[in-house]
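Working notes, beginning with the structure itself.
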Amino acid sequence: MTGGHTGHAATLRDYLHVVRRRKWIIITSVVLVPLAAVAFSLHQQKLYQASSQVLLSSQNLANQLTGTQSTGINLQPDRIAQTQADVARVPTVASRVLAKVGVADMTVQEFLASSSVSTATNADILTFDVTNHDPALAKQLVDAYAAAYTVYRRELDTASIQRALVSVNRRIRQIGREGDRRSALYAQLVDRQQTLATMEALQTSNASVVQQADRVVQVQPRTSRNLILAIVLGLVLGVGLAFLWEALDTRVRSAQEIGEKLGGLPLLARVPVPGKKLRSENKLVMLEEPAGVQAETFRMLRTNLDFVTLDRDVRTIMVTSSVEQEGKSTTIANLAVALARAGQRVVLVDLDLRRPFLDKFFDITGPGVTQVALGHVPLEDALVSFAITDARTSRVRTNGSGNGNGNGNAGAKPVRGVLEVLPSGAIPPDPGEFVGTTALSDILARLRERADIVLVDAPPVLHVGDAMTLSTKVDGMIVVTKMNVVRRQMLNELARQLQTVPTPVLGFVVTAAGDEEGYGYGYGYGYGYSRPYEQTEKAAKARSEA
């Protein structure tokens, strides 16, 4: 993004432009991700969680009775708590819980997977959690779990005392059977028996339940929470995808960017896409709708062309593009009619010998430039003349003499100018060799003397080398670029090619200008331009007659 469009560091405005341009990606993500989250939540099984708490005690009655100090691990409360949490997760405790509650359809592993034991921060408390689809069962299981742990913990704490007590009782019985009950050893053993019994009776407070489950909480599904998180995730994902798409999209989006890529060439006109009917019937807007709004753009192109050629002897102009399907043939044909309507004598030559198209616009059949170059027909016979009248859509075919008077109904209306079209003719085996021949140079020279301006429709620059060869035979060039079709790398290569030609590049024309970012005011302002353009046409006609 940074510098990718216009060669400068990206600003907040640039980022906002990306968001606005890719808003549908963001909107789609913000809508689809929450919908998916809600759908997922609604299909989840309802689960409820209950919690109980157990207080841990670190007292050691053996040390208290013997007067010794605890050392080592007993001095680390956090480690003691975590150890007891791990002890509570042993299968023995889980099996006792299931047996006490009477749950037969749950295994020990399933119970351990649906439960947890966690330690509290800075407190000797264990929190027992059990999750189940039945809230009442979840409460029973967690209470039984906490109680089973306290019993198991007491068994562990009293196990050594019980073993010692069993050993002392066995020894006392043995001495009693021997009849030595008055001995000092017997008295010591009885005293030890009483001490151990007392310790066993008191060893019950190292773990005790301090809070049973008083309520259950639904933990699945959490539709509201999932929806909020999904909206945030959808927004982040949408913005990320928007900028990723922007980085991968190499299309240019403004005439300013095209001009900068082409080395600062002037913009001659923004041309809209012709109407669907005109495209389907291969019609020209300057002939079918000369007073329409779209026709104004070609009059603007004609006027701007007059400005860039002012005080310069430019009479032969080649129109080309970077690739095909950019509208160069439509542009040059409408420009030729616009110049003829201004009273100029125009010759339009189709030298796109790869894909000729001008004959379709003017419904021409017959020989063309290739037959003239081969000497099969004279130049005057190959030229097809059209007298452009004041009628809105009238075209009058002349006899080819180029006098502009025509025959038949040509004299019925005032003739503004003459347009002569030289079609391509038969396609040569090697068009690239043909455009470099001396015969073609002679034809262009004769046409230059014959007309006020000669327009040459050339093939795209980046596909074949015909346009580069033709550039040495003309006085100027116009480049046609189509918005959202031409790519930045294409413009870079086109600029490199244009720098090598000796012919000056007069400027560029943007077609499909309706797709240009920020160009939203339409194409012209209705008929508001009719008066100044009529004055321009009258002035041009007066100059030609003089």
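Labels for the structure tokens follow display order: chains A, B, ..., residues from 1 in each chain, ligands from 1.
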Would you list the contacts of segment 38-46 of chain A as a PyMOL selection string, taking every protein, DNA or RNA residue within 8 Å and counting only C-alpha atoms, but skipping same-chain residues closer than 3 positions in sequence?
chain A and resi 34-35+133+218-223+226-227
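Using only C-alpha atoms, the contacts of Asp313 of chain A at a cut-off of 12 Å, with sequence neighbours closer than 2 positions omitted, comprise Asp306, Val308, Thr309, Leu310, Asp311, Arg315, Thr316, Ile317, Arg448, Asp452, Ile453, Val474, Asp475, Gly476 and Pro504 of chain A.
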Output of the above residues as a short mmCIF file (atom, residue, chain, number, x, y, z; two decimals), in the first residue's frame, restricted to C-alpha atoms:
```cif
data_model
loop_
_atom_site.label_atom_id
_atom_site.label_comp_id
_atom_site.auth_asym_id
_atom_site.auth_seq_id
_atom_site.Cartn_x
_atom_site.Cartn_y
_atom_site.Cartn_z
CA ASP A 306 -5.50 21.51 -30.56
CA VAL A 308 -1.02 20.36 -27.24
CA THR A 309 -0.25 20.72 -30.97
CA LEU A 310 -0.36 24.52 -30.92
CA ASP A 311 2.71 26.03 -32.68
CA ARG A 315 -0.28 16.47 -38.79
CA THR A 316 0.18 12.71 -38.53
CA ILE A 317 -0.87 11.27 -35.15
CA ARG A 448 -0.14 14.02 -44.97
CA ASP A 452 -5.24 18.58 -42.46
CA ILE A 453 -4.62 15.73 -40.05
CA VAL A 474 4.32 9.94 -37.56
CA ASP A 475 4.59 13.36 -35.96
CA GLY A 476 2.99 12.51 -32.62
CA PRO A 504 6.77 13.07 -29.06
#
```
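Using only C-alpha atoms, the smallest distance between any of A:Thr28, A:Gln344, A:Thr365, A:Ser118 and Ala451 of chain A comes from A:Gln344.
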If DSSP is run on the backbone, what residues of segment 223-290 of chain A are strand (DSSP E)? A reply as a short mmCIF file (atom, residue, chain, number, x, y, z; two decimals) with all heavy atoms, in the first residue's frame would be ideal.
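Result saved to result_27.cif:
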```
data_model
loop_
_atom_site.label_atom_id
_atom_site.label_comp_id
_atom_site.auth_asym_id
_atom_site.auth_seq_id
_atom_site.Cartn_x
_atom_site.Cartn_y
_atom_site.Cartn_z
N LEU A 267 -3.23 14.66 -19.51
CA LEU A 267 -4.48 13.96 -19.76
C LEU A 267 -5.28 14.75 -20.78
O LEU A 267 -5.63 15.91 -20.56
CB LEU A 267 -5.28 13.82 -18.45
CG LEU A 267 -6.70 13.28 -18.57
CD1 LEU A 267 -6.67 11.84 -19.07
CD2 LEU A 267 -7.41 13.37 -17.22
N LEU A 268 -5.59 14.10 -21.91
CA LEU A 268 -6.33 14.77 -22.98
C LEU A 268 -7.83 14.66 -22.80
O LEU A 268 -8.57 15.58 -23.15
CB LEU A 268 -5.91 14.19 -24.34
CG LEU A 268 -4.43 14.34 -24.70
CD1 LEU A 268 -4.16 13.73 -26.07
CD2 LEU A 268 -4.02 15.80 -24.68
N ALA A 269 -8.31 13.54 -22.28
CA ALA A 269 -9.76 13.38 -22.11
C ALA A 269 -10.04 12.12 -21.30
O ALA A 269 -9.23 11.18 -21.27
CB ALA A 269 -10.47 13.28 -23.46
N ARG A 270 -11.19 12.16 -20.65
CA ARG A 270 -11.75 10.98 -20.01
C ARG A 270 -12.94 10.53 -20.84
O ARG A 270 -13.89 11.29 -21.02
CB ARG A 270 -12.20 11.29 -18.58
CG ARG A 270 -11.09 11.54 -17.58
CD ARG A 270 -11.68 11.84 -16.22
NE ARG A 270 -10.70 11.88 -15.16
CZ ARG A 270 -10.10 12.98 -14.74
NH1 ARG A 270 -10.38 14.14 -15.32
NH2 ARG A 270 -9.21 12.94 -13.77
N VAL A 271 -12.89 9.32 -21.33
CA VAL A 271 -13.91 8.83 -22.26
C VAL A 271 -14.73 7.75 -21.57
O VAL A 271 -14.17 6.78 -21.03
CB VAL A 271 -13.26 8.27 -23.54
CG1 VAL A 271 -14.32 7.70 -24.47
CG2 VAL A 271 -12.46 9.35 -24.23
#
```
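Nearest to Thr119 of chain A of all the residues A:Leu55, A:Ala458, A:Ile25, A:Ala291 is A:Leu55, counting only C-alpha atoms.
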Identify, with DSSP run on backbone atoms, the residues in segment 60-259 of chain A assigned to helix (DSSP H, G or I), and express the list as a PyMOL selection string.
chain A and resi 61-66+72-75+77-87+91-101+108-113+135-178+184-202+223-248+255-259
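Summary of the local environment: counting only C-alpha atoms, residues at most 8 Å from Gln49 of chain A, other than itself and those fewer than 6 positions away along its chain, are Asp129, Val130, Thr131, Asn132, Pro135, Ala138, Lys139, Val216, Val217, Gln218 and Val219 of chain A.
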Mind dumping the selected residues with N, CA, C and O atoms as a tab-separated table (two decimals), in the first residue's frame?
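Output (result27.tsv):
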```tsv
chain	number	residue	atom	x	y	z
A	129	ASP	N	-14.36	-27.67	39.89
A	129	ASP	CA	-15.35	-27.34	38.87
A	129	ASP	C	-15.77	-28.61	38.14
A	129	ASP	O	-14.92	-29.44	37.78
A	130	VAL	N	-17.07	-28.75	37.91
A	130	VAL	CA	-17.61	-29.87	37.15
A	130	VAL	C	-18.59	-29.32	36.13
A	130	VAL	O	-19.45	-28.50	36.48
A	131	THR	N	-18.46	-29.77	34.88
A	131	THR	CA	-19.32	-29.32	33.79
A	131	THR	C	-20.17	-30.50	33.32
A	131	THR	O	-19.64	-31.60	33.09
A	132	ASN	N	-21.47	-30.24	33.14
A	132	ASN	CA	-22.36	-31.30	32.70
A	132	ASN	C	-23.58	-30.67	32.03
A	132	ASN	O	-23.92	-29.51	32.30
A	135	PRO	N	-27.79	-29.47	34.96
A	135	PRO	CA	-27.31	-28.58	36.03
A	135	PRO	C	-27.39	-29.22	37.41
A	135	PRO	O	-26.50	-29.02	38.25
A	138	ALA	N	-24.54	-31.66	37.74
A	138	ALA	CA	-23.27	-30.96	37.89
A	138	ALA	C	-23.05	-30.52	39.34
A	138	ALA	O	-21.94	-30.63	39.88
A	139	LYS	N	-24.12	-30.06	39.98
A	139	LYS	CA	-24.01	-29.64	41.37
A	139	LYS	C	-23.72	-30.83	42.28
A	139	LYS	O	-22.89	-30.75	43.20
A	216	VAL	N	-25.40	-22.91	39.61
A	216	VAL	CA	-24.74	-23.40	38.40
A	216	VAL	C	-24.76	-22.29	37.35
A	216	VAL	O	-25.68	-21.46	37.33
A	217	VAL	N	-23.76	-22.30	36.52
A	217	VAL	CA	-23.61	-21.27	35.48
A	217	VAL	C	-23.56	-21.95	34.11
A	217	VAL	O	-22.82	-22.95	33.94
A	218	GLN	N	-24.31	-21.43	33.17
A	218	GLN	CA	-24.24	-21.97	31.81
A	218	GLN	C	-22.96	-21.49	31.14
A	218	GLN	O	-22.72	-20.29	31.00
A	219	VAL	N	-22.13	-22.40	30.73
A	219	VAL	CA	-20.85	-22.06	30.11
A	219	VAL	C	-20.84	-22.36	28.61
A	219	VAL	O	-19.89	-22.00	27.91
```
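Pairwise distance (atom CA of Ala85 of chain A, atom CA of Thr150 of chain A) equals 11.6 Å.
One distance worth recording is that between atom CA of Val142 of chain A and atom CA of Phe128 of chain A, which is 6.5 Å.
Put simply, atom CA of Leu265 of chain A is 9.6 Å away from atom CA of Val479 of chain A.
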Show me, as a ChimeraX atom specification, the residues that have an atom within 9 Å of Arg345 of chain A when counting only C-alpha atoms, minus same-chain residues fewer than 5 positions from it.
/A:339-340,404,417-420,450-454,544
Deliver the residues from the most recent selection as a file, using N, CA, C and O atoms, as a PDB file, in the first residue's frame.
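Once written, out-v6.pdb looks like this:
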```
ATOM      1  N   LEU A 339     -13.096  15.825 -35.314  1.00  0.00           N
ATOM      2  CA  LEU A 339     -12.250  16.757 -36.078  1.00  0.00           C
ATOM      3  C   LEU A 339     -12.917  17.146 -37.389  1.00  0.00           C
ATOM      4  O   LEU A 339     -12.851  18.312 -37.815  1.00  0.00           O
ATOM      5  N   ALA A 340     -13.564  16.176 -38.043  1.00  0.00           N
ATOM      6  CA  ALA A 340     -14.251  16.485 -39.294  1.00  0.00           C
ATOM      7  C   ALA A 340     -15.437  17.411 -39.057  1.00  0.00           C
ATOM      8  O   ALA A 340     -15.713  18.308 -39.865  1.00  0.00           O
ATOM      9  N   GLY A 404     -15.459  16.554 -50.975  1.00  0.00           N
ATOM     10  CA  GLY A 404     -16.316  16.921 -49.866  1.00  0.00           C
ATOM     11  C   GLY A 404     -17.705  17.322 -50.299  1.00  0.00           C
ATOM     12  O   GLY A 404     -18.553  17.589 -49.468  1.00  0.00           O
ATOM     13  N   GLY A 417     -17.113  19.047 -42.720  1.00  0.00           N
ATOM     14  CA  GLY A 417     -15.775  18.596 -43.041  1.00  0.00           C
ATOM     15  C   GLY A 417     -15.837  17.266 -43.745  1.00  0.00           C
ATOM     16  O   GLY A 417     -16.903  16.704 -43.958  1.00  0.00           O
ATOM     17  N   VAL A 418     -14.680  16.791 -44.111  1.00  0.00           N
ATOM     18  CA  VAL A 418     -14.588  15.527 -44.842  1.00  0.00           C
ATOM     19  C   VAL A 418     -13.726  14.561 -44.050  1.00  0.00           C
ATOM     20  O   VAL A 418     -12.639  14.909 -43.583  1.00  0.00           O
ATOM     21  N   LEU A 419     -14.228  13.363 -43.918  1.00  0.00           N
ATOM     22  CA  LEU A 419     -13.489  12.288 -43.284  1.00  0.00           C
ATOM     23  C   LEU A 419     -13.243  11.207 -44.323  1.00  0.00           C
ATOM     24  O   LEU A 419     -14.182  10.697 -44.934  1.00  0.00           O
ATOM     25  N   GLU A 420     -11.976  10.886 -44.533  1.00  0.00           N
ATOM     26  CA  GLU A 420     -11.597   9.808 -45.453  1.00  0.00           C
ATOM     27  C   GLU A 420     -11.007   8.673 -44.631  1.00  0.00           C
ATOM     28  O   GLU A 420     -10.133   8.887 -43.785  1.00  0.00           O
ATOM     29  N   ARG A 450      -2.368  15.446 -48.269  1.00  0.00           N
ATOM     30  CA  ARG A 450      -3.739  15.460 -48.744  1.00  0.00           C
ATOM     31  C   ARG A 450      -4.696  16.038 -47.701  1.00  0.00           C
ATOM     32  O   ARG A 450      -5.719  16.630 -48.059  1.00  0.00           O
ATOM     33  N   ALA A 451      -4.403  15.855 -46.408  1.00  0.00           N
ATOM     34  CA  ALA A 451      -5.358  16.170 -45.353  1.00  0.00           C
ATOM     35  C   ALA A 451      -4.775  17.167 -44.367  1.00  0.00           C
ATOM     36  O   ALA A 451      -3.566  17.431 -44.342  1.00  0.00           O
ATOM     37  N   ASP A 452      -5.684  17.721 -43.561  1.00  0.00           N
ATOM     38  CA  ASP A 452      -5.240  18.579 -42.463  1.00  0.00           C
ATOM     39  C   ASP A 452      -4.606  17.762 -41.339  1.00  0.00           C
ATOM     40  O   ASP A 452      -3.667  18.222 -40.679  1.00  0.00           O
ATOM     41  N   ILE A 453      -5.150  16.587 -41.094  1.00  0.00           N
ATOM     42  CA  ILE A 453      -4.620  15.735 -40.051  1.00  0.00           C
ATOM     43  C   ILE A 453      -4.859  14.284 -40.435  1.00  0.00           C
ATOM     44  O   ILE A 453      -5.901  13.935 -40.990  1.00  0.00           O
ATOM     45  N   VAL A 454      -3.877  13.449 -40.169  1.00  0.00           N
ATOM     46  CA  VAL A 454      -3.934  12.017 -40.455  1.00  0.00           C
ATOM     47  C   VAL A 454      -3.878  11.276 -39.118  1.00  0.00           C
ATOM     48  O   VAL A 454      -2.946  11.469 -38.330  1.00  0.00           O
ATOM     49  N   SER A 544     -10.013  26.491 -42.244  1.00  0.00           N
ATOM     50  CA  SER A 544      -9.804  25.566 -43.353  1.00  0.00           C
ATOM     51  C   SER A 544     -10.208  26.196 -44.687  1.00  0.00           C
ATOM     52  O   SER A 544      -9.557  25.980 -45.721  1.00  0.00           O
TER      53      SER A 544
END
```
Please provide the set of residues having any atom within 9 Å of Lys23 of chain A, restricted to only C-alpha atoms, with same-chain residues fewer than 3 positions apart removed, written as a VMD selection string.
chain A and resid 18 to 20 26 to 28 238 to 239 242
Pro459 of chain A: which residues within 8 Å, counting only C-alpha atoms, same-chain residues fewer than 2 positions away excluded, as number ranges by chain?
A: 320-321, 324, 351-355, 457, 461, 463-464, 466-467
For the residues in that selection, give me N, CA, C and O atoms as a PDB file, in the first residue's frame.
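Just written: again-v1.pdb:
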```pdb
ATOM      1  N   THR A 320      -2.390   4.571 -29.995  1.00  0.00           N
ATOM      2  CA  THR A 320      -2.076   3.195 -29.604  1.00  0.00           C
ATOM      3  C   THR A 320      -2.485   2.992 -28.149  1.00  0.00           C
ATOM      4  O   THR A 320      -3.035   3.888 -27.503  1.00  0.00           O
ATOM      5  N   SER A 321      -2.220   1.813 -27.637  1.00  0.00           N
ATOM      6  CA  SER A 321      -2.523   1.470 -26.246  1.00  0.00           C
ATOM      7  C   SER A 321      -1.474   0.489 -25.763  1.00  0.00           C
ATOM      8  O   SER A 321      -0.581   0.094 -26.525  1.00  0.00           O
ATOM      9  N   GLU A 324      -4.604  -4.891 -25.836  1.00  0.00           N
ATOM     10  CA  GLU A 324      -5.838  -4.831 -26.598  1.00  0.00           C
ATOM     11  C   GLU A 324      -7.032  -4.613 -25.671  1.00  0.00           C
ATOM     12  O   GLU A 324      -6.910  -4.673 -24.450  1.00  0.00           O
ATOM     13  N   LEU A 351      -4.021   0.851 -39.396  1.00  0.00           N
ATOM     14  CA  LEU A 351      -2.769   0.098 -39.500  1.00  0.00           C
ATOM     15  C   LEU A 351      -2.617  -0.901 -38.357  1.00  0.00           C
ATOM     16  O   LEU A 351      -1.515  -1.366 -38.095  1.00  0.00           O
ATOM     17  N   ASP A 352      -3.719  -1.207 -37.693  1.00  0.00           N
ATOM     18  CA  ASP A 352      -3.709  -2.324 -36.743  1.00  0.00           C
ATOM     19  C   ASP A 352      -3.957  -3.587 -37.554  1.00  0.00           C
ATOM     20  O   ASP A 352      -5.070  -4.126 -37.607  1.00  0.00           O
ATOM     21  N   LEU A 353      -2.913  -4.054 -38.212  1.00  0.00           N
ATOM     22  CA  LEU A 353      -3.033  -5.178 -39.133  1.00  0.00           C
ATOM     23  C   LEU A 353      -3.162  -6.514 -38.412  1.00  0.00           C
ATOM     24  O   LEU A 353      -3.299  -7.549 -39.061  1.00  0.00           O
ATOM     25  N   ARG A 354      -3.101  -6.475 -37.093  1.00  0.00           N
ATOM     26  CA  ARG A 354      -3.314  -7.713 -36.325  1.00  0.00           C
ATOM     27  C   ARG A 354      -4.812  -7.941 -36.087  1.00  0.00           C
ATOM     28  O   ARG A 354      -5.295  -9.050 -36.263  1.00  0.00           O
ATOM     29  N   ARG A 355      -5.506  -6.857 -35.721  1.00  0.00           N
ATOM     30  CA  ARG A 355      -6.948  -6.949 -35.467  1.00  0.00           C
ATOM     31  C   ARG A 355      -7.606  -5.667 -35.978  1.00  0.00           C
ATOM     32  O   ARG A 355      -7.996  -4.796 -35.188  1.00  0.00           O
ATOM     33  N   ASP A 457      -4.450   4.330 -36.630  1.00  0.00           N
ATOM     34  CA  ASP A 457      -4.788   3.343 -35.604  1.00  0.00           C
ATOM     35  C   ASP A 457      -3.719   2.261 -35.617  1.00  0.00           C
ATOM     36  O   ASP A 457      -3.582   1.505 -36.589  1.00  0.00           O
ATOM     37  N   VAL A 461       1.201  -1.472 -27.932  1.00  0.00           N
ATOM     38  CA  VAL A 461       2.658  -1.384 -27.841  1.00  0.00           C
ATOM     39  C   VAL A 461       3.259  -2.633 -27.215  1.00  0.00           C
ATOM     40  O   VAL A 461       4.306  -3.129 -27.658  1.00  0.00           O
ATOM     41  N   HIS A 463       2.206  -5.757 -27.056  1.00  0.00           N
ATOM     42  CA  HIS A 463       1.990  -7.073 -27.656  1.00  0.00           C
ATOM     43  C   HIS A 463       2.922  -7.327 -28.826  1.00  0.00           C
ATOM     44  O   HIS A 463       3.516  -8.409 -28.947  1.00  0.00           O
ATOM     45  N   VAL A 464       3.045  -6.363 -29.720  1.00  0.00           N
ATOM     46  CA  VAL A 464       3.882  -6.517 -30.914  1.00  0.00           C
ATOM     47  C   VAL A 464       4.703  -5.251 -31.105  1.00  0.00           C
ATOM     48  O   VAL A 464       4.444  -4.222 -30.470  1.00  0.00           O
ATOM     49  N   ASP A 466       4.850  -3.484 -33.876  1.00  0.00           N
ATOM     50  CA  ASP A 466       4.380  -2.666 -34.993  1.00  0.00           C
ATOM     51  C   ASP A 466       4.289  -1.196 -34.611  1.00  0.00           C
ATOM     52  O   ASP A 466       4.677  -0.311 -35.385  1.00  0.00           O
ATOM     53  N   ALA A 467       3.765  -0.904 -33.441  1.00  0.00           N
ATOM     54  CA  ALA A 467       3.583   0.484 -33.031  1.00  0.00           C
ATOM     55  C   ALA A 467       4.925   1.198 -32.884  1.00  0.00           C
ATOM     56  O   ALA A 467       5.038   2.382 -33.236  1.00  0.00           O
TER      57      ALA A 467
END
```
Distance criterion (only C-alpha atoms): nearest to Val87 of chain A out of A:Ala148, A:Ala120, A:Leu47, A:Leu301
A:Ala148
What's the 9 Å shell around Ala213 of chain A, counting only C-alpha atoms, without same-chain residues fewer than 4 positions away, as an NGL selection string?
:A and (50-53 or 139-140 or 142-143)
Please, could you write that set of residues out with all heavy atoms as a PDB file, in the first residue's frame?
```
ATOM      1  N   ALA A  50     -20.692 -26.114  37.852  1.00  0.00           N
ATOM      2  CA  ALA A  50     -20.863 -25.876  39.283  1.00  0.00           C
ATOM      3  C   ALA A  50     -19.498 -25.906  39.951  1.00  0.00           C
ATOM      4  O   ALA A  50     -18.584 -26.602  39.488  1.00  0.00           O
ATOM      5  CB  ALA A  50     -21.783 -26.925  39.905  1.00  0.00           C
ATOM      6  N   SER A  51     -19.345 -25.157  41.060  1.00  0.00           N
ATOM      7  CA  SER A  51     -18.038 -25.027  41.712  1.00  0.00           C
ATOM      8  C   SER A  51     -18.179 -25.198  43.214  1.00  0.00           C
ATOM      9  O   SER A  51     -19.175 -24.764  43.829  1.00  0.00           O
ATOM     10  CB  SER A  51     -17.415 -23.656  41.408  1.00  0.00           C
ATOM     11  OG  SER A  51     -17.247 -23.470  40.026  1.00  0.00           O
ATOM     12  N   SER A  52     -17.153 -25.816  43.817  1.00  0.00           N
ATOM     13  CA  SER A  52     -17.018 -25.946  45.275  1.00  0.00           C
ATOM     14  C   SER A  52     -15.587 -25.589  45.649  1.00  0.00           C
ATOM     15  O   SER A  52     -14.673 -25.688  44.826  1.00  0.00           O
ATOM     16  CB  SER A  52     -17.339 -27.362  45.746  1.00  0.00           C
ATOM     17  OG  SER A  52     -18.706 -27.655  45.548  1.00  0.00           O
ATOM     18  N   GLN A  53     -15.396 -25.193  46.923  1.00  0.00           N
ATOM     19  CA  GLN A  53     -14.066 -24.797  47.380  1.00  0.00           C
ATOM     20  C   GLN A  53     -13.679 -25.592  48.616  1.00  0.00           C
ATOM     21  O   GLN A  53     -14.521 -25.879  49.488  1.00  0.00           O
ATOM     22  CB  GLN A  53     -14.013 -23.303  47.685  1.00  0.00           C
ATOM     23  CG  GLN A  53     -14.119 -22.424  46.446  1.00  0.00           C
ATOM     24  CD  GLN A  53     -13.962 -20.954  46.763  1.00  0.00           C
ATOM     25  OE1 GLN A  53     -14.247 -20.513  47.880  1.00  0.00           O
ATOM     26  NE2 GLN A  53     -13.508 -20.184  45.777  1.00  0.00           N
ATOM     27  N   LYS A 139     -24.117 -30.057  39.982  1.00  0.00           N
ATOM     28  CA  LYS A 139     -24.006 -29.644  41.373  1.00  0.00           C
ATOM     29  C   LYS A 139     -23.724 -30.834  42.284  1.00  0.00           C
ATOM     30  O   LYS A 139     -22.885 -30.754  43.201  1.00  0.00           O
ATOM     31  CB  LYS A 139     -25.305 -28.950  41.785  1.00  0.00           C
ATOM     32  CG  LYS A 139     -25.279 -28.352  43.168  1.00  0.00           C
ATOM     33  CD  LYS A 139     -26.581 -27.614  43.441  1.00  0.00           C
ATOM     34  CE  LYS A 139     -26.577 -27.018  44.848  1.00  0.00           C
ATOM     35  NZ  LYS A 139     -27.826 -26.303  45.157  1.00  0.00           N
ATOM     36  N   GLN A 140     -24.378 -31.951  42.077  1.00  0.00           N
ATOM     37  CA  GLN A 140     -24.141 -33.142  42.891  1.00  0.00           C
ATOM     38  C   GLN A 140     -22.718 -33.652  42.718  1.00  0.00           C
ATOM     39  O   GLN A 140     -22.056 -34.020  43.691  1.00  0.00           O
ATOM     40  CB  GLN A 140     -25.143 -34.231  42.512  1.00  0.00           C
ATOM     41  CG  GLN A 140     -26.591 -33.903  42.863  1.00  0.00           C
ATOM     42  CD  GLN A 140     -27.549 -35.000  42.415  1.00  0.00           C
ATOM     43  OE1 GLN A 140     -27.126 -36.098  42.051  1.00  0.00           O
ATOM     44  NE2 GLN A 140     -28.843 -34.721  42.472  1.00  0.00           N
ATOM     45  N   VAL A 142     -19.963 -32.025  41.776  1.00  0.00           N
ATOM     46  CA  VAL A 142     -18.895 -31.187  42.320  1.00  0.00           C
ATOM     47  C   VAL A 142     -18.872 -31.249  43.836  1.00  0.00           C
ATOM     48  O   VAL A 142     -17.791 -31.228  44.465  1.00  0.00           O
ATOM     49  CB  VAL A 142     -19.038 -29.723  41.808  1.00  0.00           C
ATOM     50  CG1 VAL A 142     -20.163 -28.984  42.525  1.00  0.00           C
ATOM     51  CG2 VAL A 142     -17.725 -28.972  41.968  1.00  0.00           C
ATOM     52  N   ASP A 143     -20.036 -31.319  44.485  1.00  0.00           N
ATOM     53  CA  ASP A 143     -20.052 -31.457  45.944  1.00  0.00           C
ATOM     54  C   ASP A 143     -19.453 -32.794  46.363  1.00  0.00           C
ATOM     55  O   ASP A 143     -18.685 -32.874  47.339  1.00  0.00           O
ATOM     56  CB  ASP A 143     -21.483 -31.338  46.469  1.00  0.00           C
ATOM     57  CG  ASP A 143     -22.016 -29.913  46.379  1.00  0.00           C
ATOM     58  OD1 ASP A 143     -21.180 -28.982  46.265  1.00  0.00           O
ATOM     59  OD2 ASP A 143     -23.249 -29.729  46.385  1.00  0.00           O
TER      60      ASP A 143
END
```
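With only C-alpha atoms as the atoms that count, the residue of A:Gly292, A:Gly234, A:Pro423, A:Pro429 with the shortest distance to Val456 of chain A is A:Pro423.
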